[in-house]
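Everything below concerns the one structure shown next.
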Amino acid sequence: KNQVEQSPQSLIILEGKNCTLQCNYTVSPFSNLRWYKQDTGRGPVSLTIMTFSENTKSNGRYTATLDADTKQSSLHITASQLSDSASYICVVSRPTGGGNKLTFGTGTQLKVEL
Amino acid sequence: DSGVTQTPKHLITATGQRVTLRCSPRSGDLSVYWYQQSLDQGLQFLIQYYNGEERAKGNILERFSAQQFPDLHSELNLSSLELGDSALYFCASSWGSGGDGYNEQFFGPGTRLTVL
(Lines give C-alpha, C1' and ligand atoms only; values in the text may rest on other atoms or scores of the structure.)
Protein backbone atom coordinates (compact mmCIF):
# COMPACT_ATOMS: atom_id res chain seq x y z
CA LYS A 1 0.00 0.00 0.00
CA ASN A 2 1.27 3.46 -0.91
CA GLN A 3 1.75 5.36 2.33
CA VAL A 4 3.64 8.33 3.71
CA GLU A 5 4.43 8.39 7.41
CA GLN A 6 5.84 11.36 9.24
CA SER A 7 7.48 11.67 12.62
CA PRO A 8 7.29 13.07 15.12
CA GLN A 9 3.58 13.88 15.11
CA SER A 10 4.31 17.09 17.01
CA LEU A 11 7.36 18.91 18.23
CA ILE A 12 8.06 21.89 20.49
CA ILE A 13 11.42 23.65 20.31
CA LEU A 14 12.91 26.90 21.56
CA GLU A 15 13.52 29.77 19.19
CA GLY A 16 16.97 29.62 17.65
CA LYS A 17 17.28 25.85 17.93
CA ASN A 18 17.52 23.42 15.03
CA CYS A 19 15.20 20.51 14.39
CA THR A 20 14.76 17.63 11.95
CA LEU A 21 11.49 16.18 10.74
CA GLN A 22 11.28 12.71 9.25
CA CYS A 23 9.31 11.21 6.40
CA ASN A 24 9.22 7.52 5.45
CA TYR A 25 7.29 6.34 2.44
CA THR A 26 6.31 3.12 0.74
CA VAL A 27 5.07 4.79 -2.44
CA SER A 28 6.28 3.05 -5.55
CA PRO A 29 7.17 3.85 -8.23
CA PHE A 30 8.43 7.28 -7.31
CA SER A 31 8.42 10.57 -9.22
CA ASN A 32 9.32 13.17 -6.63
CA LEU A 33 9.02 14.15 -2.99
CA ARG A 34 7.83 17.50 -1.75
CA TRP A 35 7.79 19.27 1.58
CA TYR A 36 5.05 21.79 2.29
CA LYS A 37 4.57 24.24 5.14
CA GLN A 38 0.99 24.82 6.24
CA ASP A 39 0.13 27.60 8.66
CA THR A 40 -3.00 26.99 10.72
CA GLY A 41 -6.12 27.51 8.65
CA ARG A 42 -4.20 28.35 5.48
CA GLY A 43 -3.21 26.53 2.33
CA PRO A 44 0.08 24.61 2.12
CA VAL A 45 3.09 26.37 0.62
CA SER A 46 5.79 24.42 -1.18
CA LEU A 47 9.25 24.42 0.42
CA THR A 48 11.18 21.92 -1.73
CA ILE A 49 10.66 19.41 -4.53
CA MET A 50 13.20 16.61 -5.06
CA THR A 51 13.38 14.04 -7.82
CA PHE A 52 14.91 10.57 -7.61
CA SER A 53 18.38 11.83 -8.51
CA GLU A 54 18.51 14.63 -5.96
CA ASN A 55 19.55 13.88 -2.41
CA THR A 56 19.53 17.35 -0.92
CA LYS A 57 17.85 20.65 -1.61
CA SER A 58 17.83 23.87 0.37
CA ASN A 59 15.42 26.78 0.63
CA GLY A 60 16.81 29.33 3.02
CA ARG A 61 16.89 27.84 6.51
CA TYR A 62 15.11 24.70 5.27
CA THR A 63 17.17 21.78 3.96
CA ALA A 64 15.53 18.62 2.69
CA THR A 65 17.35 15.33 2.14
CA LEU A 66 16.23 12.26 0.26
CA ASP A 67 17.45 8.67 0.34
CA ALA A 68 15.51 6.95 -2.42
CA ASP A 69 17.08 3.58 -1.56
CA THR A 70 15.71 3.53 1.97
CA LYS A 71 12.68 5.64 1.02
CA GLN A 72 13.37 8.22 3.67
CA SER A 73 13.42 11.99 3.65
CA SER A 74 14.12 14.59 6.27
CA LEU A 75 13.52 18.30 6.60
CA HIS A 76 16.07 20.18 8.68
CA ILE A 77 15.23 23.63 10.00
CA THR A 78 18.11 25.71 11.28
CA ALA A 79 17.96 28.67 13.66
CA SER A 80 14.22 28.30 14.13
CA GLN A 81 11.97 31.34 14.32
CA LEU A 82 8.53 31.84 15.84
CA SER A 83 7.16 32.06 12.29
CA ASP A 84 8.29 28.49 11.64
CA SER A 85 5.41 27.31 13.84
CA ALA A 86 3.26 25.35 11.40
CA SER A 87 2.47 21.90 10.10
CA TYR A 88 5.08 20.42 7.76
CA ILE A 89 3.72 17.97 5.24
CA CYS A 90 5.66 15.41 3.22
CA VAL A 91 4.11 14.54 -0.14
CA VAL A 92 5.24 11.78 -2.49
CA SER A 93 4.30 11.69 -6.16
CA ARG A 94 4.07 8.50 -8.17
CA PRO A 95 3.37 8.06 -11.87
CA THR A 96 0.06 6.54 -12.87
CA GLY A 97 -1.54 5.81 -16.21
CA GLY A 98 -3.07 9.25 -16.54
CA GLY A 99 -0.47 11.33 -14.78
CA ASN A 100 0.88 11.50 -11.28
CA LYS A 101 -0.83 10.80 -7.98
CA LEU A 102 0.16 12.56 -4.79
CA THR A 103 0.14 10.81 -1.43
CA PHE A 104 0.17 13.15 1.55
CA GLY A 105 1.56 12.49 5.00
CA THR A 106 -0.46 13.68 7.99
CA GLY A 107 2.21 16.22 8.87
CA THR A 108 4.42 17.17 11.80
CA GLN A 109 3.05 20.00 13.92
CA LEU A 110 5.97 22.23 14.93
CA LYS A 111 5.71 24.86 17.62
CA VAL A 112 8.57 27.28 18.22
CA GLU A 113 8.53 28.99 21.60
CA LEU A 114 10.47 31.79 23.21
CA ASP B 1 -0.49 35.19 -1.63
CA SER B 2 -0.47 32.21 -4.00
CA GLY B 3 -2.67 33.84 -6.62
CA VAL B 4 -5.34 31.17 -6.17
CA THR B 5 -8.64 32.51 -4.85
CA GLN B 6 -11.42 30.58 -3.17
CA THR B 7 -14.88 31.66 -2.15
CA PRO B 8 -16.53 31.67 0.24
CA LYS B 9 -14.01 31.66 3.08
CA HIS B 10 -16.49 30.17 5.53
CA LEU B 11 -19.71 28.27 4.96
CA ILE B 12 -22.14 27.01 7.58
CA THR B 13 -25.04 24.84 6.52
CA ALA B 14 -27.29 22.05 7.69
CA THR B 15 -27.25 18.33 7.00
CA GLY B 16 -28.93 17.34 3.79
CA GLN B 17 -28.18 20.64 2.08
CA ARG B 18 -26.15 21.33 -1.05
CA VAL B 19 -23.33 23.87 -1.38
CA THR B 20 -21.00 25.08 -4.11
CA LEU B 21 -17.40 26.07 -3.54
CA ARG B 22 -15.61 28.20 -6.09
CA CYS B 23 -11.97 28.40 -7.10
CA SER B 24 -10.11 30.69 -9.49
CA PRO B 25 -6.65 29.41 -10.45
CA ARG B 26 -3.51 31.49 -10.86
CA SER B 27 -3.32 33.36 -14.12
CA GLY B 28 -1.99 30.98 -16.78
CA ASP B 29 -2.56 27.79 -14.81
CA LEU B 30 -4.61 25.15 -16.60
CA SER B 31 -5.00 22.55 -13.84
CA VAL B 32 -7.23 22.80 -10.81
CA TYR B 33 -7.10 20.31 -7.95
CA TRP B 34 -9.54 19.92 -5.06
CA TYR B 35 -8.56 18.61 -1.64
CA GLN B 36 -10.40 17.91 1.59
CA GLN B 37 -8.71 18.31 4.98
CA SER B 38 -10.70 17.14 7.98
CA LEU B 39 -9.73 18.04 11.53
CA ASP B 40 -6.38 16.49 12.43
CA GLN B 41 -6.30 14.64 9.13
CA GLY B 42 -4.01 14.91 6.18
CA LEU B 43 -4.98 16.38 2.85
CA GLN B 44 -7.12 14.04 0.79
CA PHE B 45 -7.04 14.48 -2.98
CA LEU B 46 -10.53 14.65 -4.46
CA ILE B 47 -10.29 15.47 -8.15
CA GLN B 48 -8.25 17.27 -10.81
CA TYR B 49 -9.35 19.13 -13.92
CA TYR B 50 -7.03 20.14 -16.72
CA ASN B 51 -8.16 22.66 -19.29
CA GLY B 52 -11.80 21.88 -18.71
CA GLU B 53 -11.59 18.11 -18.60
CA GLU B 54 -11.41 15.71 -15.70
CA ARG B 55 -7.82 14.49 -15.42
CA ALA B 56 -7.58 12.45 -12.25
CA LYS B 57 -9.91 11.24 -9.56
CA GLY B 58 -9.12 10.55 -5.95
CA ASN B 59 -11.29 9.72 -2.96
CA ILE B 60 -14.25 11.77 -4.09
CA LEU B 61 -17.68 10.69 -2.87
CA GLU B 62 -20.53 10.22 -5.32
CA ARG B 63 -22.38 13.03 -3.52
CA PHE B 64 -19.58 15.37 -4.62
CA SER B 65 -18.98 16.65 -8.13
CA ALA B 66 -16.84 19.26 -9.77
CA GLN B 67 -16.38 21.02 -13.05
CA GLN B 68 -14.00 23.44 -14.70
CA PHE B 69 -15.41 26.18 -16.88
CA PRO B 70 -14.03 27.69 -20.11
CA ASP B 71 -12.52 30.57 -18.14
CA LEU B 72 -10.73 27.87 -16.09
CA HIS B 73 -12.40 28.61 -12.78
CA SER B 74 -13.73 25.54 -11.03
CA GLU B 75 -16.61 24.68 -8.76
CA LEU B 76 -16.94 21.84 -6.27
CA ASN B 77 -20.51 20.82 -5.54
CA LEU B 78 -21.28 18.99 -2.32
CA SER B 79 -24.78 17.57 -1.89
CA SER B 80 -26.75 15.67 0.74
CA LEU B 81 -24.29 17.01 3.26
CA GLU B 82 -23.45 15.01 6.36
CA LEU B 83 -21.79 16.04 9.60
CA GLY B 84 -18.63 14.25 8.51
CA ASP B 85 -18.29 16.52 5.50
CA SER B 86 -17.26 19.38 7.78
CA ALA B 87 -13.71 20.18 6.74
CA LEU B 88 -11.39 22.60 5.04
CA TYR B 89 -11.62 22.35 1.28
CA PHE B 90 -8.57 23.51 -0.63
CA CYS B 91 -8.18 24.26 -4.26
CA ALA B 92 -4.75 24.22 -5.90
CA SER B 93 -3.63 25.09 -9.40
CA SER B 94 -0.67 24.29 -11.60
CA TRP B 95 0.43 25.18 -15.11
CA GLY B 96 0.62 21.67 -16.51
CA SER B 97 -1.41 18.53 -16.24
CA GLY B 98 0.94 16.99 -13.72
CA GLY B 99 1.90 14.23 -16.10
CA ASP B 100 5.58 14.70 -15.43
CA GLY B 101 4.93 14.84 -11.71
CA TYR B 102 7.01 17.95 -11.28
CA ASN B 103 4.38 20.63 -11.67
CA GLU B 104 4.28 22.67 -8.50
CA GLN B 105 0.81 23.14 -7.08
CA PHE B 106 -0.15 26.47 -5.58
CA PHE B 107 -2.83 26.28 -2.92
CA GLY B 108 -5.64 28.69 -2.23
CA PRO B 109 -6.62 29.85 1.27
CA GLY B 110 -9.36 27.24 1.58
CA THR B 111 -13.06 27.21 2.35
CA ARG B 112 -14.05 26.09 5.84
CA LEU B 113 -17.30 24.13 5.65
CA THR B 114 -19.26 23.47 8.81
CA VAL B 115 -22.25 21.14 8.61
CA LEU B 116 -24.60 21.38 11.60
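Starting from 1 in every chain, residues are counted up; chains themselves are A, B, ... following the order of the C-alpha coordinates, and ligands are numbered from 1 as listed.
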
What are the residues of chain B lining chain A at 9 Å or less? Count only C-alpha atoms, and put the answer as a PDB file with N, CA and C atoms, in the first residue's frame.
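Final output, part_2.pdb:
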```pdb
ATOM      1  N   SER B   2      -0.805  33.169  -2.940  1.00  0.00           N
ATOM      2  CA  SER B   2      -0.467  32.205  -4.002  1.00  0.00           C
ATOM      3  C   SER B   2      -1.032  32.606  -5.351  1.00  0.00           C
ATOM      4  N   ASP B  40      -7.471  17.390  12.056  1.00  0.00           N
ATOM      5  CA  ASP B  40      -6.379  16.492  12.430  1.00  0.00           C
ATOM      6  C   ASP B  40      -6.108  15.396  11.400  1.00  0.00           C
ATOM      7  N   GLN B  41      -6.553  15.626  10.178  1.00  0.00           N
ATOM      8  CA  GLN B  41      -6.298  14.642   9.133  1.00  0.00           C
ATOM      9  C   GLN B  41      -5.423  15.273   8.059  1.00  0.00           C
ATOM     10  N   GLY B  42      -4.791  14.417   7.295  1.00  0.00           N
ATOM     11  CA  GLY B  42      -4.006  14.910   6.179  1.00  0.00           C
ATOM     12  C   GLY B  42      -4.875  15.343   5.025  1.00  0.00           C
ATOM     13  N   LEU B  43      -4.268  15.966   4.062  1.00  0.00           N
ATOM     14  CA  LEU B  43      -4.981  16.383   2.852  1.00  0.00           C
ATOM     15  C   LEU B  43      -5.375  15.159   2.033  1.00  0.00           C
ATOM     16  N   GLN B  44      -6.623  15.120   1.633  1.00  0.00           N
ATOM     17  CA  GLN B  44      -7.120  14.038   0.788  1.00  0.00           C
ATOM     18  C   GLN B  44      -7.436  14.604  -0.592  1.00  0.00           C
ATOM     19  N   PHE B  45      -6.810  14.031  -1.602  1.00  0.00           N
ATOM     20  CA  PHE B  45      -7.042  14.483  -2.976  1.00  0.00           C
ATOM     21  C   PHE B  45      -8.431  14.044  -3.419  1.00  0.00           C
ATOM     22  N   ARG B  55      -9.112  15.090 -15.155  1.00  0.00           N
ATOM     23  CA  ARG B  55      -7.815  14.488 -15.425  1.00  0.00           C
ATOM     24  C   ARG B  55      -7.520  13.331 -14.483  1.00  0.00           C
ATOM     25  N   ALA B  56      -7.870  13.493 -13.234  1.00  0.00           N
ATOM     26  CA  ALA B  56      -7.584  12.448 -12.247  1.00  0.00           C
ATOM     27  C   ALA B  56      -8.634  12.501 -11.155  1.00  0.00           C
ATOM     28  N   GLY B  58      -9.605  11.135  -7.185  1.00  0.00           N
ATOM     29  CA  GLY B  58      -9.115  10.547  -5.946  1.00  0.00           C
ATOM     30  C   GLY B  58     -10.270   9.996  -5.148  1.00  0.00           C
ATOM     31  N   LEU B  88     -11.948  21.555   5.889  1.00  0.00           N
ATOM     32  CA  LEU B  88     -11.387  22.603   5.044  1.00  0.00           C
ATOM     33  C   LEU B  88     -11.266  22.037   3.642  1.00  0.00           C
ATOM     34  N   PHE B  90      -9.579  22.720   0.060  1.00  0.00           N
ATOM     35  CA  PHE B  90      -8.573  23.512  -0.625  1.00  0.00           C
ATOM     36  C   PHE B  90      -8.640  23.274  -2.126  1.00  0.00           C
ATOM     37  N   CYS B  91      -8.370  24.324  -2.830  1.00  0.00           N
ATOM     38  CA  CYS B  91      -8.180  24.260  -4.260  1.00  0.00           C
ATOM     39  C   CYS B  91      -6.711  24.588  -4.532  1.00  0.00           C
ATOM     40  N   ALA B  92      -6.115  23.916  -5.484  1.00  0.00           N
ATOM     41  CA  ALA B  92      -4.750  24.220  -5.899  1.00  0.00           C
ATOM     42  C   ALA B  92      -4.730  24.312  -7.415  1.00  0.00           C
ATOM     43  N   SER B  97      -0.456  19.560 -16.619  1.00  0.00           N
ATOM     44  CA  SER B  97      -1.414  18.528 -16.245  1.00  0.00           C
ATOM     45  C   SER B  97      -0.908  17.654 -15.117  1.00  0.00           C
ATOM     46  N   GLY B  98       0.374  17.809 -14.800  1.00  0.00           N
ATOM     47  CA  GLY B  98       0.936  16.988 -13.723  1.00  0.00           C
ATOM     48  C   GLY B  98       1.456  15.672 -14.226  1.00  0.00           C
ATOM     49  N   GLY B  99       1.454  15.494 -15.541  1.00  0.00           N
ATOM     50  CA  GLY B  99       1.896  14.227 -16.095  1.00  0.00           C
ATOM     51  C   GLY B  99       3.346  13.914 -15.811  1.00  0.00           C
ATOM     52  N   ASP B 100       4.170  14.960 -15.718  1.00  0.00           N
ATOM     53  CA  ASP B 100       5.576  14.704 -15.428  1.00  0.00           C
ATOM     54  C   ASP B 100       5.837  14.669 -13.939  1.00  0.00           C
ATOM     55  N   GLY B 101       4.811  14.928 -13.159  1.00  0.00           N
ATOM     56  CA  GLY B 101       4.934  14.838 -11.711  1.00  0.00           C
ATOM     57  C   GLY B 101       5.660  15.984 -11.072  1.00  0.00           C
ATOM     58  N   TYR B 102       6.165  16.911 -11.863  1.00  0.00           N
ATOM     59  CA  TYR B 102       7.008  17.949 -11.284  1.00  0.00           C
ATOM     60  C   TYR B 102       6.300  19.276 -11.140  1.00  0.00           C
ATOM     61  N   GLU B 104       4.557  22.198  -9.836  1.00  0.00           N
ATOM     62  CA  GLU B 104       4.283  22.666  -8.496  1.00  0.00           C
ATOM     63  C   GLU B 104       2.838  23.116  -8.409  1.00  0.00           C
ATOM     64  N   GLN B 105       2.183  22.736  -7.310  1.00  0.00           N
ATOM     65  CA  GLN B 105       0.813  23.141  -7.082  1.00  0.00           C
ATOM     66  C   GLN B 105       0.790  24.309  -6.109  1.00  0.00           C
ATOM     67  N   PHE B 106       0.005  25.303  -6.438  1.00  0.00           N
ATOM     68  CA  PHE B 106      -0.148  26.473  -5.578  1.00  0.00           C
ATOM     69  C   PHE B 106      -1.539  26.416  -4.952  1.00  0.00           C
ATOM     70  N   PHE B 107      -1.582  26.470  -3.642  1.00  0.00           N
ATOM     71  CA  PHE B 107      -2.826  26.282  -2.918  1.00  0.00           C
ATOM     72  C   PHE B 107      -3.517  27.602  -2.602  1.00  0.00           C
ATOM     73  N   GLY B 108      -4.844  27.563  -2.651  1.00  0.00           N
ATOM     74  CA  GLY B 108      -5.644  28.687  -2.226  1.00  0.00           C
ATOM     75  C   GLY B 108      -5.787  28.707  -0.713  1.00  0.00           C
ATOM     76  N   PRO B 109      -6.481  29.700  -0.183  1.00  0.00           N
ATOM     77  CA  PRO B 109      -6.624  29.849   1.270  1.00  0.00           C
ATOM     78  C   PRO B 109      -7.622  28.886   1.893  1.00  0.00           C
ATOM     79  N   GLY B 110      -8.419  28.229   1.063  1.00  0.00           N
ATOM     80  CA  GLY B 110      -9.361  27.241   1.582  1.00  0.00           C
ATOM     81  C   GLY B 110     -10.730  27.810   1.889  1.00  0.00           C
ATOM     82  N   ARG B 112     -13.713  26.897   4.661  1.00  0.00           N
ATOM     83  CA  ARG B 112     -14.047  26.087   5.838  1.00  0.00           C
ATOM     84  C   ARG B 112     -15.541  25.807   5.829  1.00  0.00           C
TER      85      ARG B 112
END
```

**OP:** Might you pull out every residue within 10 Å of Phe64 in chain B, with only C-alpha atoms counted and same-chain residues fewer than 6 positions away left off, and present them as JSON, numbers by chain?
**Re:** {"B": [18, 19, 20, 46, 47, 76, 77, 78, 79, 80, 81]}

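Our summary of the geometry notes that CA of Thr15 in chain B is positioned 6.1 Å from CA of Leu116 in chain B.
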
Original post:
Out of chain A, which residues get strand (DSSP E or B) from DSSP, as a VMD selection string?
Top reply: chain A and resid 4 to 7 10 to 14 19 to 25 32 to 38 45 to 51 56 to 59 62 to 67 72 to 77 86 to 96 99 to 104 108 to 113

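With CA of Glu62 in chain B on one side and CA of Gly96 in chain B on the other, the separation reads 26.5 Å.
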
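Computed from the coordinates, the CA of Glu75 in chain B to CA of Val115 in chain B distance equals 18.6 Å.
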
Subject >> Proximity to Leu61 in chain B - best of B:Gln48, B:Asp85, B:Gly16, B:Leu39, only C-alpha atoms >> reply: B:Asp85

With a distance cut-off of 7 Å and only C-alpha atoms, select the neighbouring residues of Glu113 in chain A, excluding the residue or stretch itself and same-chain residues fewer than 6 positions from it, and output the selection as an mmCIF file with all heavy atoms, in the first residue's frame.
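As written to disk, part_20.cif reads:
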```cif
data_model
loop_
_atom_site.group_PDB
_atom_site.id
_atom_site.type_symbol
_atom_site.label_atom_id
_atom_site.label_comp_id
_atom_site.auth_asym_id
_atom_site.auth_seq_id
_atom_site.Cartn_x
_atom_site.Cartn_y
_atom_site.Cartn_z
ATOM 1 N N ILE A 13 10.020 23.285 20.143
ATOM 2 C CA ILE A 13 11.424 23.650 20.307
ATOM 3 C C ILE A 13 11.523 25.123 20.685
ATOM 4 O O ILE A 13 10.580 25.894 20.499
ATOM 5 C CB ILE A 13 12.250 23.387 19.030
ATOM 6 C CG1 ILE A 13 11.730 24.240 17.875
ATOM 7 C CG2 ILE A 13 12.243 21.913 18.677
ATOM 8 C CD1 ILE A 13 12.589 24.151 16.617
ATOM 9 N N LEU A 14 12.683 25.505 21.209
ATOM 10 C CA LEU A 14 12.911 26.897 21.556
ATOM 11 C C LEU A 14 13.435 27.661 20.349
ATOM 12 O O LEU A 14 14.166 27.104 19.504
ATOM 13 C CB LEU A 14 13.924 27.001 22.706
ATOM 14 C CG LEU A 14 13.470 26.438 24.054
ATOM 15 C CD1 LEU A 14 14.591 26.513 25.073
ATOM 16 C CD2 LEU A 14 12.225 27.157 24.557
ATOM 17 N N GLU A 15 13.064 28.905 20.281
ATOM 18 C CA GLU A 15 13.519 29.768 19.193
ATOM 19 C C GLU A 15 15.038 29.748 19.104
ATOM 20 O O GLU A 15 15.745 29.807 20.116
ATOM 21 C CB GLU A 15 13.018 31.196 19.420
ATOM 22 C CG GLU A 15 13.300 32.138 18.262
ATOM 23 C CD GLU A 15 12.822 33.548 18.537
ATOM 24 O OE1 GLU A 15 12.799 33.947 19.710
ATOM 25 O OE2 GLU A 15 12.473 34.254 17.568
ATOM 26 N N LEU A 82 9.925 32.013 15.410
ATOM 27 C CA LEU A 82 8.531 31.840 15.836
ATOM 28 C C LEU A 82 7.629 31.582 14.626
ATOM 29 O O LEU A 82 6.661 30.822 14.699
ATOM 30 C CB LEU A 82 8.047 33.062 16.607
ATOM 31 C CG LEU A 82 8.746 33.336 17.939
ATOM 32 C CD1 LEU A 82 8.181 34.612 18.570
ATOM 33 C CD2 LEU A 82 8.602 32.161 18.896
#
```

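Nearest residue to Pro8 in chain A, choosing from A:Ser74, A:Ser83, A:Thr56, A:Thr40 and counting only C-alpha atoms: A:Ser74.
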
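Comparing the minimum interatomic distances between Arg26 in chain B and each of B:Leu83, B:Ala66, B:Leu72, B:Leu113, counting only C-alpha atoms, we find that B:Leu72 sits nearest.
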
**OP:** Can you pull out every residue within 9 Å of Ser73 in chain A, counting only C-alpha atoms, but drop anything in the same chain fewer than 5 positions away, and send it as a ChimeraX atom specification?
**Re:** /A:21-25,33,55,64-68,90

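For Asn2 in chain A, the list of residues within 7 Å, based on only C-alpha atoms and with local chain neighbours fewer than 4 positions off taken out, reads Thr26, Val27 and Ser28 of chain A.
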